[in-house]
Amino acid sequence: MRLLLDENVSGHSLAEELRCAGHHVETVTATLGPGTSDLAIAAAALSGGHVVLTRDCDDFRVIYGRLSEHPGLLLVYGFEGKALASGALAGAVANVARTYPSLQNMILTLNDFFW
Amino acid sequence: MARRRWQVDLRSEDELTLTRVRQVLGAEGDSEAGRALLALFAKLSAAVEQGITISFLPGDDPRAVDALPEFTRALRPESRYRWLVAVPHPWRKQLSIKGRRITAGQLVDSMEANDFSIEETAREYDLPAEAVAEAVDYVARNRPLVLAEAAEERRRTEPFLTHRATAPR
């Protein structure tokens, strides 16, 4: 999966775990710079064919709701205890990838895939 | 101790102000809010009687000395912190990390989920340890707000998910 990690999920451990699992991972912090706006992140994801992974669920679902085509959006609800540890998040991304070969035009919550 | 009751007829705009007083001064009810206002008046009037002139300066003016820090903290909680700022948002009120698009709650949630120390979290997110420590302090003081906003995030998002999944059997 081609992933763009928003700043709020851009911890080095998660990026590393996802890369080790074979995903192509870019982070907003490293690629676009700290403080990049949600709209600029969405634009970069669209042009690069990246699925955005973010905890700003409401803000991004509003932006993506206006798009007719997009590469996919993965949302993470917070305060789920240890489920949000880097290893668990990487495991959930793997479950998403096994369930759906493509996330084209899909908006999912990673919280559905903690198994 | 003999007590005297104080009854006041309130106009609707006074009601709003009284509600604000209760919130800002942390008063439990109207009586406590009234006593807090009297204490505030006593503090200001005592200062004036001692020869102090109460003046208004911008908060970032180096000559400004905060005479009412409890008032400032209640109205502008970010003034307590160096690394946390209020970011305009349609409904979210919690503070965020300055210059970054990470809320204090998101950072502390990740820290707790991973059992990271403050220093480990700072390395994970390329932040100064002081910024992480401030986020920890802020969330400790405002956990009900942070949890309520996490719930609101979920409530607003759920109807717009295009696919739901359950664990395979």
# chains A, B, ... in the order shown; residues from 1 in each chain; ligands from 1
>>> interface_residues(of="chain B", to="chain A", cutoff="8 Å", atoms="only C-alpha atoms", output="CSV table (one decimal) with C-alpha atoms, in the first residue's frame")
chain,number,residue,atom,x,y,z
B,99,GLY,CA,3.9,24.7,14.5
B,100,ARG,CA,2.6,21.1,14.2
B,101,ARG,CA,-0.8,19.7,13.4
B,102,ILE,CA,-0.9,17.4,16.4
B,103,THR,CA,-3.3,18.0,19.3
B,106,GLN,CA,-3.3,12.9,20.0
B,107,LEU,CA,0.3,13.1,21.2
B,109,ASP,CA,-2.7,9.1,23.5
B,110,SER,CA,0.1,7.8,21.3
B,112,GLU,CA,0.2,6.1,26.5
B,113,ALA,CA,-0.6,3.5,23.9
B,114,ASN,CA,3.0,2.8,23.3
B,124,GLU,CA,9.3,9.7,18.0
B,125,TYR,CA,7.7,12.9,16.9
B,147,LEU,CA,-12.0,12.4,25.7
B,150,ALA,CA,-12.3,12.0,20.7
B,153,GLU,CA,-14.6,12.9,16.3
B,154,ARG,CA,-16.0,9.4,16.1
B,156,ARG,CA,-19.1,13.0,13.3
B,157,THR,CA,-17.2,10.5,11.2
B,160,PHE,CA,-19.4,8.8,6.3
B,161,LEU,CA,-17.4,5.6,6.4
B,162,THR,CA,-17.9,3.9,3.0
B,163,HIS,CA,-17.1,0.3,4.3
B,164,ARG,CA,-17.3,-1.4,7.7
B,165,ALA,CA,-15.4,-4.6,8.6
B,166,THR,CA,-15.6,-7.2,11.3
B,167,ALA,CA,-13.0,-9.7,12.3
>>> select_by_dssp(residues="region 17-106 of chain A", states="alpha helix (DSSP H)", output="ChimeraX atom specification")
/A:17-20,28-31,38-48,57-65,86-99
>>> atom_distance(atom1="CA of Val28 (chain A)", atom2="CA of Glu130 (chain B)")
22.4 Å
>>> residues_around(residues="His50 (chain A)", least_positions_apart="4", cutoff="9 Å", atoms="only C-alpha atoms", output="PDB file with C-alpha atoms, in the first residue's frame")
ATOM      1  CA  MET A   1       0.000   0.000   0.000  1.00  0.00           C
ATOM      2  CA  ARG A   2       1.219   3.537  -0.737  1.00  0.00           C
ATOM      3  CA  LEU A   3       0.705   5.431   2.492  1.00  0.00           C
ATOM      4  CA  LEU A   4       1.047   9.060   3.507  1.00  0.00           C
ATOM      5  CA  HIS A  24       5.607   2.357   0.627  1.00  0.00           C
ATOM      6  CA  VAL A  25       5.456   4.961   3.401  1.00  0.00           C
ATOM      7  CA  GLU A  26       5.898   8.709   3.329  1.00  0.00           C
ATOM      8  CA  ALA A  44      -0.254  15.593  -2.382  1.00  0.00           C
ATOM      9  CA  ALA A  45      -1.976  12.259  -1.680  1.00  0.00           C
ATOM     10  CA  LEU A  46      -4.110  12.578  -4.787  1.00  0.00           C
ATOM     11  CA  HIS A  70      -9.392   9.512  -4.459  1.00  0.00           C
ATOM     12  CA  PRO A  71      -6.863   6.773  -3.575  1.00  0.00           C
ATOM     13  CA  GLY A  72      -8.477   6.038  -0.207  1.00  0.00           C
ATOM     14  CA  LEU A  73      -8.605   7.367   3.331  1.00  0.00           C
TER      15      LEU A  73
END
>>> atom_distance(atom1="CA of Ser96 (chain B)", atom2="CA of Ala131 (chain B)")
10.1 Å
>>> residues_around(residues="Ala86 (chain B)", least_positions_apart="2", cutoff="12 Å", atoms="only C-alpha atoms", output="PyMOL selection string")
chain B and resi 75-84+88-89+92-104
>>> write_last_selection(atoms="C-alpha atoms", output="mmCIF file, in the first residue's frame")
data_model
loop_
_atom_site.group_PDB
_atom_site.id
_atom_site.type_symbol
_atom_site.label_atom_id
_atom_site.label_comp_id
_atom_site.auth_asym_id
_atom_site.auth_seq_id
_atom_site.Cartn_x
_atom_site.Cartn_y
_atom_site.Cartn_z
ATOM 1 C CA LEU B 75 -9.649 32.657 29.919
ATOM 2 C CA ARG B 76 -6.539 31.790 27.894
ATOM 3 C CA PRO B 77 -5.289 28.374 29.066
ATOM 4 C CA GLU B 78 -2.575 28.388 26.390
ATOM 5 C CA SER B 79 -0.859 31.259 28.245
ATOM 6 C CA ARG B 80 0.325 28.661 30.782
ATOM 7 C CA TYR B 81 2.317 26.905 28.053
ATOM 8 C CA ARG B 82 5.192 27.736 25.752
ATOM 9 C CA TRP B 83 4.716 24.893 23.255
ATOM 10 C CA LEU B 84 0.925 24.582 23.139
ATOM 11 C CA PRO B 88 -9.026 27.774 15.215
ATOM 12 C CA HIS B 89 -11.259 24.779 14.437
ATOM 13 C CA ARG B 92 -12.293 21.311 18.621
ATOM 14 C CA LYS B 93 -11.139 23.384 21.597
ATOM 15 C CA GLN B 94 -8.133 21.503 22.985
ATOM 16 C CA LEU B 95 -4.663 22.916 22.483
ATOM 17 C CA SER B 96 -2.222 21.719 19.815
ATOM 18 C CA ILE B 97 1.548 21.552 19.530
ATOM 19 C CA LYS B 98 2.889 24.872 18.232
ATOM 20 C CA GLY B 99 3.874 24.699 14.547
ATOM 21 C CA ARG B 100 2.594 21.134 14.194
ATOM 22 C CA ARG B 101 -0.795 19.667 13.351
ATOM 23 C CA ILE B 102 -0.928 17.404 16.376
ATOM 24 C CA THR B 103 -3.298 17.985 19.275
ATOM 25 C CA ALA B 104 -2.112 17.536 22.834
#
>>> decode(residues="region 64-111 of chain A", atoms="N, CA and C atoms", output="PDB file, in the first residue's frame")
ATOM      1  N   TYR A  64     -12.522  14.725   1.783  1.00  0.00           N
ATOM      2  CA  TYR A  64     -12.658  13.596   0.855  1.00  0.00           C
ATOM      3  C   TYR A  64     -14.100  13.409   0.391  1.00  0.00           C
ATOM      4  N   GLY A  65     -15.038  13.866   1.203  1.00  0.00           N
ATOM      5  CA  GLY A  65     -16.443  13.762   0.812  1.00  0.00           C
ATOM      6  C   GLY A  65     -16.767  14.593  -0.414  1.00  0.00           C
ATOM      7  N   ARG A  66     -15.920  15.581  -0.699  1.00  0.00           N
ATOM      8  CA  ARG A  66     -16.154  16.454  -1.859  1.00  0.00           C
ATOM      9  C   ARG A  66     -15.454  15.952  -3.117  1.00  0.00           C
ATOM     10  N   LEU A  67     -14.647  14.887  -2.965  1.00  0.00           N
ATOM     11  CA  LEU A  67     -13.873  14.389  -4.110  1.00  0.00           C
ATOM     12  C   LEU A  67     -14.628  13.274  -4.819  1.00  0.00           C
ATOM     13  N   SER A  68     -14.621  13.313  -6.147  1.00  0.00           N
ATOM     14  CA  SER A  68     -15.284  12.233  -6.891  1.00  0.00           C
ATOM     15  C   SER A  68     -14.383  11.003  -6.973  1.00  0.00           C
ATOM     16  N   GLU A  69     -13.064  11.233  -6.960  1.00  0.00           N
ATOM     17  CA  GLU A  69     -12.090  10.129  -7.038  1.00  0.00           C
ATOM     18  C   GLU A  69     -10.976  10.394  -6.042  1.00  0.00           C
ATOM     19  N   HIS A  70     -10.563   9.374  -5.334  1.00  0.00           N
ATOM     20  CA  HIS A  70      -9.392   9.512  -4.459  1.00  0.00           C
ATOM     21  C   HIS A  70      -8.797   8.130  -4.189  1.00  0.00           C
ATOM     22  N   PRO A  71      -7.524   8.076  -3.750  1.00  0.00           N
ATOM     23  CA  PRO A  71      -6.863   6.773  -3.575  1.00  0.00           C
ATOM     24  C   PRO A  71      -7.252   6.046  -2.294  1.00  0.00           C
ATOM     25  N   GLY A  72      -8.058   6.684  -1.446  1.00  0.00           N
ATOM     26  CA  GLY A  72      -8.477   6.038  -0.207  1.00  0.00           C
ATOM     27  C   GLY A  72      -8.066   6.828   1.018  1.00  0.00           C
ATOM     28  N   LEU A  73      -8.842   6.630   2.085  1.00  0.00           N
ATOM     29  CA  LEU A  73      -8.605   7.367   3.331  1.00  0.00           C
ATOM     30  C   LEU A  73      -8.744   6.398   4.497  1.00  0.00           C
ATOM     31  N   LEU A  74      -7.699   6.321   5.329  1.00  0.00           N
ATOM     32  CA  LEU A  74      -7.725   5.459   6.511  1.00  0.00           C
ATOM     33  C   LEU A  74      -7.736   6.330   7.759  1.00  0.00           C
ATOM     34  N   LEU A  75      -8.778   6.198   8.564  1.00  0.00           N
ATOM     35  CA  LEU A  75      -8.955   7.045   9.742  1.00  0.00           C
ATOM     36  C   LEU A  75      -8.699   6.248  11.019  1.00  0.00           C
ATOM     37  N   VAL A  76      -8.188   6.921  12.022  1.00  0.00           N
ATOM     38  CA  VAL A  76      -7.937   6.268  13.310  1.00  0.00           C
ATOM     39  C   VAL A  76      -8.649   7.051  14.401  1.00  0.00           C
ATOM     40  N   TYR A  77      -9.586   6.389  15.087  1.00  0.00           N
ATOM     41  CA  TYR A  77     -10.212   7.005  16.262  1.00  0.00           C
ATOM     42  C   TYR A  77      -9.268   6.844  17.446  1.00  0.00           C
ATOM     43  N   GLY A  78      -9.207   7.879  18.267  1.00  0.00           N
ATOM     44  CA  GLY A  78      -8.250   7.873  19.373  1.00  0.00           C
ATOM     45  C   GLY A  78      -8.781   7.272  20.658  1.00  0.00           C
ATOM     46  N   PHE A  79      -7.902   7.208  21.636  1.00  0.00           N
ATOM     47  CA  PHE A  79      -8.189   6.763  22.993  1.00  0.00           C
ATOM     48  C   PHE A  79      -8.830   5.370  23.019  1.00  0.00           C
ATOM     49  N   GLU A  80      -8.118   4.439  22.370  1.00  0.00           N
ATOM     50  CA  GLU A  80      -8.537   3.035  22.354  1.00  0.00           C
ATOM     51  C   GLU A  80      -7.527   2.209  23.137  1.00  0.00           C
ATOM     52  N   GLY A  81      -6.777   2.847  24.010  1.00  0.00           N
ATOM     53  CA  GLY A  81      -5.800   2.126  24.832  1.00  0.00           C
ATOM     54  C   GLY A  81      -4.661   1.581  23.996  1.00  0.00           C
ATOM     55  N   LYS A  82      -4.223   0.355  24.327  1.00  0.00           N
ATOM     56  CA  LYS A  82      -3.049  -0.232  23.671  1.00  0.00           C
ATOM     57  C   LYS A  82      -3.314  -0.560  22.204  1.00  0.00           C
ATOM     58  N   ALA A  83      -4.581  -0.532  21.781  1.00  0.00           N
ATOM     59  CA  ALA A  83      -4.897  -0.807  20.369  1.00  0.00           C
ATOM     60  C   ALA A  83      -4.188   0.182  19.457  1.00  0.00           C
ATOM     61  N   LEU A  84      -3.821   1.348  20.004  1.00  0.00           N
ATOM     62  CA  LEU A  84      -3.188   2.357  19.162  1.00  0.00           C
ATOM     63  C   LEU A  84      -1.660   2.318  19.238  1.00  0.00           C
ATOM     64  N   ALA A  85      -1.106   1.274  19.832  1.00  0.00           N
ATOM     65  CA  ALA A  85       0.352   1.113  19.807  1.00  0.00           C
ATOM     66  C   ALA A  85       0.799   0.909  18.359  1.00  0.00           C
ATOM     67  N   SER A  86       2.027   1.294  18.062  1.00  0.00           N
ATOM     68  CA  SER A  86       2.511   1.244  16.669  1.00  0.00           C
ATOM     69  C   SER A  86       2.340  -0.141  16.050  1.00  0.00           C
ATOM     70  N   GLY A  87       2.697  -1.191  16.813  1.00  0.00           N
ATOM     71  CA  GLY A  87       2.586  -2.554  16.297  1.00  0.00           C
ATOM     72  C   GLY A  87       1.151  -2.922  15.951  1.00  0.00           C
ATOM     73  N   ALA A  88       0.219  -2.483  16.804  1.00  0.00           N
ATOM     74  CA  ALA A  88      -1.196  -2.790  16.569  1.00  0.00           C
ATOM     75  C   ALA A  88      -1.713  -2.041  15.344  1.00  0.00           C
ATOM     76  N   LEU A  89      -1.295  -0.800  15.188  1.00  0.00           N
ATOM     77  CA  LEU A  89      -1.721  -0.023  14.018  1.00  0.00           C
ATOM     78  C   LEU A  89      -1.178  -0.659  12.733  1.00  0.00           C
ATOM     79  N   ALA A  90       0.093  -1.071  12.774  1.00  0.00           N
ATOM     80  CA  ALA A  90       0.676  -1.715  11.592  1.00  0.00           C
ATOM     81  C   ALA A  90      -0.056  -3.022  11.285  1.00  0.00           C
ATOM     82  N   GLY A  91      -0.434  -3.760  12.330  1.00  0.00           N
ATOM     83  CA  GLY A  91      -1.196  -4.993  12.135  1.00  0.00           C
ATOM     84  C   GLY A  91      -2.549  -4.718  11.501  1.00  0.00           C
ATOM     85  N   ALA A  92      -3.191  -3.632  11.926  1.00  0.00           N
ATOM     86  CA  ALA A  92      -4.496  -3.277  11.362  1.00  0.00           C
ATOM     87  C   ALA A  92      -4.363  -2.884   9.891  1.00  0.00           C
ATOM     88  N   VAL A  93      -3.281  -2.176   9.558  1.00  0.00           N
ATOM     89  CA  VAL A  93      -3.054  -1.820   8.142  1.00  0.00           C
ATOM     90  C   VAL A  93      -2.883  -3.100   7.315  1.00  0.00           C
ATOM     91  N   ALA A  94      -2.175  -4.074   7.880  1.00  0.00           N
ATOM     92  CA  ALA A  94      -2.003  -5.358   7.171  1.00  0.00           C
ATOM     93  C   ALA A  94      -3.362  -6.028   6.960  1.00  0.00           C
ATOM     94  N   ASN A  95      -4.229  -5.974   7.954  1.00  0.00           N
ATOM     95  CA  ASN A  95      -5.568  -6.563   7.822  1.00  0.00           C
ATOM     96  C   ASN A  95      -6.393  -5.847   6.748  1.00  0.00           C
ATOM     97  N   VAL A  96      -6.236  -4.523   6.675  1.00  0.00           N
ATOM     98  CA  VAL A  96      -6.933  -3.762   5.622  1.00  0.00           C
ATOM     99  C   VAL A  96      -6.442  -4.240   4.247  1.00  0.00           C
ATOM    100  N   ALA A  97      -5.114  -4.338   4.119  1.00  0.00           N
ATOM    101  CA  ALA A  97      -4.533  -4.714   2.825  1.00  0.00           C
ATOM    102  C   ALA A  97      -4.977  -6.122   2.410  1.00  0.00           C
ATOM    103  N   ARG A  98      -5.116  -7.022   3.407  1.00  0.00           N
ATOM    104  CA  ARG A  98      -5.575  -8.386   3.087  1.00  0.00           C
ATOM    105  C   ARG A  98      -7.057  -8.390   2.685  1.00  0.00           C
ATOM    106  N   THR A  99      -7.832  -7.480   3.285  1.00  0.00           N
ATOM    107  CA  THR A  99      -9.278  -7.456   3.036  1.00  0.00           C
ATOM    108  C   THR A  99      -9.614  -6.781   1.710  1.00  0.00           C
ATOM    109  N   TYR A 100      -8.905  -5.692   1.427  1.00  0.00           N
ATOM    110  CA  TYR A 100      -9.210  -4.919   0.222  1.00  0.00           C
ATOM    111  C   TYR A 100      -7.943  -4.729  -0.622  1.00  0.00           C
ATOM    112  N   PRO A 101      -7.894  -5.273  -1.814  1.00  0.00           N
ATOM    113  CA  PRO A 101      -6.711  -5.093  -2.671  1.00  0.00           C
ATOM    114  C   PRO A 101      -6.485  -3.626  -3.034  1.00  0.00           C
ATOM    115  N   SER A 102      -7.563  -2.864  -3.141  1.00  0.00           N
ATOM    116  CA  SER A 102      -7.439  -1.430  -3.450  1.00  0.00           C
ATOM    117  C   SER A 102      -8.388  -0.659  -2.542  1.00  0.00           C
ATOM    118  N   LEU A 103      -7.969   0.525  -2.122  1.00  0.00           N
ATOM    119  CA  LEU A 103      -8.846   1.366  -1.288  1.00  0.00           C
ATOM    120  C   LEU A 103      -9.432   2.523  -2.100  1.00  0.00           C
ATOM    121  N   GLN A 104      -9.378   2.404  -3.419  1.00  0.00           N
ATOM    122  CA  GLN A 104      -9.863   3.470  -4.294  1.00  0.00           C
ATOM    123  C   GLN A 104     -11.257   3.931  -3.880  1.00  0.00           C
ATOM    124  N   ASN A 105     -11.379   5.212  -3.577  1.00  0.00           N
ATOM    125  CA  ASN A 105     -12.643   5.875  -3.208  1.00  0.00           C
ATOM    126  C   ASN A 105     -13.248   5.341  -1.901  1.00  0.00           C
ATOM    127  N   MET A 106     -12.454   4.664  -1.097  1.00  0.00           N
ATOM    128  CA  MET A 106     -12.974   4.117   0.158  1.00  0.00           C
ATOM    129  C   MET A 106     -12.539   4.977   1.342  1.00  0.00           C
ATOM    130  N   ILE A 107     -13.434   5.105   2.316  1.00  0.00           N
ATOM    131  CA  ILE A 107     -13.108   5.768   3.583  1.00  0.00           C
ATOM    132  C   ILE A 107     -13.356   4.742   4.682  1.00  0.00           C
ATOM    133  N   LEU A 108     -12.289   4.356   5.361  1.00  0.00           N
ATOM    134  CA  LEU A 108     -12.351   3.286   6.366  1.00  0.00           C
ATOM    135  C   LEU A 108     -11.805   3.783   7.689  1.00  0.00           C
ATOM    136  N   THR A 109     -12.201   3.122   8.768  1.00  0.00           N
ATOM    137  CA  THR A 109     -11.530   3.370  10.037  1.00  0.00           C
ATOM    138  C   THR A 109     -10.658   2.159  10.372  1.00  0.00           C
ATOM    139  N   LEU A 110      -9.434   2.440  10.714  1.00  0.00           N
ATOM    140  CA  LEU A 110      -8.501   1.368  11.059  1.00  0.00           C
ATOM    141  C   LEU A 110      -8.979   0.618  12.310  1.00  0.00           C
ATOM    142  N   ASN A 111      -9.781   1.296  13.110  1.00  0.00           N
ATOM    143  CA  ASN A 111     -10.278   0.672  14.356  1.00  0.00           C
ATOM    144  C   ASN A 111     -11.129  -0.565  14.081  1.00  0.00           C
TER     145      ASN A 111
END
